[in-house]
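Take a look at the structure below.
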Amino acid sequence: MSTRLQEIYALAVCFVTVGCLSIVSGLLIYTLVKITFPSIIAPPPVFYPPPLVEFQQSGTNTGVTIPTPPDPLENLEKTKQFRKMEVERMKKESVADVIKYIIILLVASFVFWIHWRIAKQARENN
């Protein structure tokens with residue numbers, strides 16, 4: 001392969017890795033914010049819905065009964081528990097994402113470094 005073509009190839013790879021590095025850096029910063037401030041990034045609260053209709057079977061007679069309304073404090077407590085579990089799940093997923101993004105950053109940085117040296121060497125030999 002000619003040195004000019006080798007230099008162009010190496011610089012093209014460097015160009016692509018710079019794009020990858022900038023995108024993954026942005027994702028990493030967003031994920032770190034998500035870990036640090038989960039209440040800001042978390043999805044809106046979902047209220048624990050009460051059952052609308054209960055079905056009862058008694059012998060041969062099948063009927064539908066409307067349940068009594070649930071206690072609002074019990075429903076609020078279930079909603080808080082669900083919200084807490086959702087935030088904890090989001091934090092665990094975010095930690096896994098941080099590890100993934102750091103690995104991508106390391107690999108892309110290594111690829112950039114290797115190809116930058118190839119381009120530099122090709123330029124010196126030209």
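By order of appearance in the structure tokens: chains A, B, ..., then residues from 1 within every chain, and ligands from 1 in the order shown.
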Next item on the list: Pick out the residues sitting within 12 Å of A:Phe110, and hand them over as a list in words; count only C-alpha atoms, and ignore anything fewer than 5 positions along from it in its own chain.
Entry: Val13, Cys14, Thr17, Val18, Leu21, Ile103, Ile104, Leu105, His115, Trp116 and Arg117 of chain A
Selected residues written out with N, CA and C atoms, as a PDB file, in the first residue's frame:
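Saved as part.pdb:
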ATOM      1  N   VAL A  13      -9.847   6.908   9.619  1.00  0.00           N
ATOM      2  CA  VAL A  13     -10.193   6.171  10.838  1.00  0.00           C
ATOM      3  C   VAL A  13     -10.152   7.109  12.043  1.00  0.00           C
ATOM      4  N   CYS A  14      -9.179   7.989  12.096  1.00  0.00           N
ATOM      5  CA  CYS A  14      -9.102   8.963  13.194  1.00  0.00           C
ATOM      6  C   CYS A  14     -10.329   9.873  13.194  1.00  0.00           C
ATOM      7  N   THR A  17     -13.245   7.921  14.615  1.00  0.00           N
ATOM      8  CA  THR A  17     -13.127   7.696  16.061  1.00  0.00           C
ATOM      9  C   THR A  17     -13.370   8.977  16.852  1.00  0.00           C
ATOM     10  N   VAL A  18     -13.024  10.127  16.299  1.00  0.00           N
ATOM     11  CA  VAL A  18     -13.326  11.385  16.989  1.00  0.00           C
ATOM     12  C   VAL A  18     -14.845  11.554  17.108  1.00  0.00           C
ATOM     13  N   LEU A  21     -15.939   9.155  19.820  1.00  0.00           N
ATOM     14  CA  LEU A  21     -15.538   9.652  21.135  1.00  0.00           C
ATOM     15  C   LEU A  21     -16.444  10.785  21.613  1.00  0.00           C
ATOM     16  N   ILE A 103     -15.608   1.561  28.514  1.00  0.00           N
ATOM     17  CA  ILE A 103     -14.939   0.569  27.651  1.00  0.00           C
ATOM     18  C   ILE A 103     -14.892   1.071  26.215  1.00  0.00           C
ATOM     19  N   ILE A 104     -16.005   1.629  25.738  1.00  0.00           N
ATOM     20  CA  ILE A 104     -16.032   2.160  24.362  1.00  0.00           C
ATOM     21  C   ILE A 104     -15.039   3.303  24.213  1.00  0.00           C
ATOM     22  N   LEU A 105     -14.973   4.191  25.214  1.00  0.00           N
ATOM     23  CA  LEU A 105     -14.008   5.295  25.159  1.00  0.00           C
ATOM     24  C   LEU A 105     -12.569   4.789  25.100  1.00  0.00           C
ATOM     25  N   HIS A 115      -3.956   4.691  14.877  1.00  0.00           N
ATOM     26  CA  HIS A 115      -4.068   5.201  13.511  1.00  0.00           C
ATOM     27  C   HIS A 115      -3.429   6.583  13.364  1.00  0.00           C
ATOM     28  N   TRP A 116      -3.394   7.361  14.420  1.00  0.00           N
ATOM     29  CA  TRP A 116      -2.699   8.646  14.351  1.00  0.00           C
ATOM     30  C   TRP A 116      -1.196   8.413  14.161  1.00  0.00           C
ATOM     31  N   ARG A 117      -0.663   7.406  14.851  1.00  0.00           N
ATOM     32  CA  ARG A 117       0.750   7.071  14.676  1.00  0.00           C
ATOM     33  C   ARG A 117       1.012   6.556  13.259  1.00  0.00           C
TER      34      ARG A 117
END
Margin query: For stretch 30-40 of chain A, find every residue with an atom within 12 Å (counting only C-alpha atoms), except residues of its own chain fewer than 5 positions away, and show them as a PyMOL selection string.
Written below: chain A and resi 23-25+45+83-102
File dump, residues just selected, C-alpha atoms, as a compact mmCIF listing (two decimals), in the first residue's frame:
# COMPACT_ATOMS: atom_id res chain seq x y z
CA ILE A 23 -20.97 10.88 21.02
CA VAL A 24 -19.97 8.42 23.74
CA SER A 25 -18.63 11.27 25.89
CA PRO A 45 -44.48 8.86 38.63
CA ARG A 83 -41.19 4.95 42.55
CA LYS A 84 -38.32 4.04 44.88
CA MET A 85 -37.85 0.66 43.16
CA GLU A 86 -37.94 2.39 39.76
CA VAL A 87 -35.22 4.88 40.78
CA GLU A 88 -33.03 2.06 42.16
CA ARG A 89 -33.45 0.08 38.94
CA MET A 90 -32.56 3.15 36.90
CA LYS A 91 -29.40 3.71 38.99
CA LYS A 92 -28.28 0.09 38.50
CA GLU A 93 -28.83 0.31 34.75
CA SER A 94 -26.94 3.62 34.66
CA VAL A 95 -23.91 2.13 36.43
CA ALA A 96 -23.84 -0.65 33.83
CA ASP A 97 -24.09 2.00 31.09
CA VAL A 98 -21.16 3.95 32.58
CA ILE A 99 -19.00 0.83 32.47
CA LYS A 100 -20.03 0.19 28.88
CA TYR A 101 -19.26 3.79 27.82
CA ILE A 102 -15.86 3.76 29.53
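Nearest-residue note for A:Ser109: choosing from A:Ala122, A:Val16, A:Ile41, A:Leu28, the minimum distance belongs to A:Val16, counting only C-alpha atoms.
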Next item on the list: Skip A:Ala12 itself and residues of its chain fewer than 6 positions away, then list as a ChimeraX atom specification all residues within 12 Å of it, counting only C-alpha atoms.
Entry: /A:5-6,18-19,111-112,115-116,118-119
Next item on the list: Identify which of the residues A:Leu106, A:Ala42, A:Trp113, A:Glu77 lies closest to A:Leu11, counting only C-alpha atoms when measuring atom-to-atom distances.
Entry: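 Smallest distance to A:Leu11 is found for A:Trp113.
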Check: Between atom CA of A:Cys20 and atom CA of A:Asn125, what is the spacing in Å?
Finding: 28.7 Å
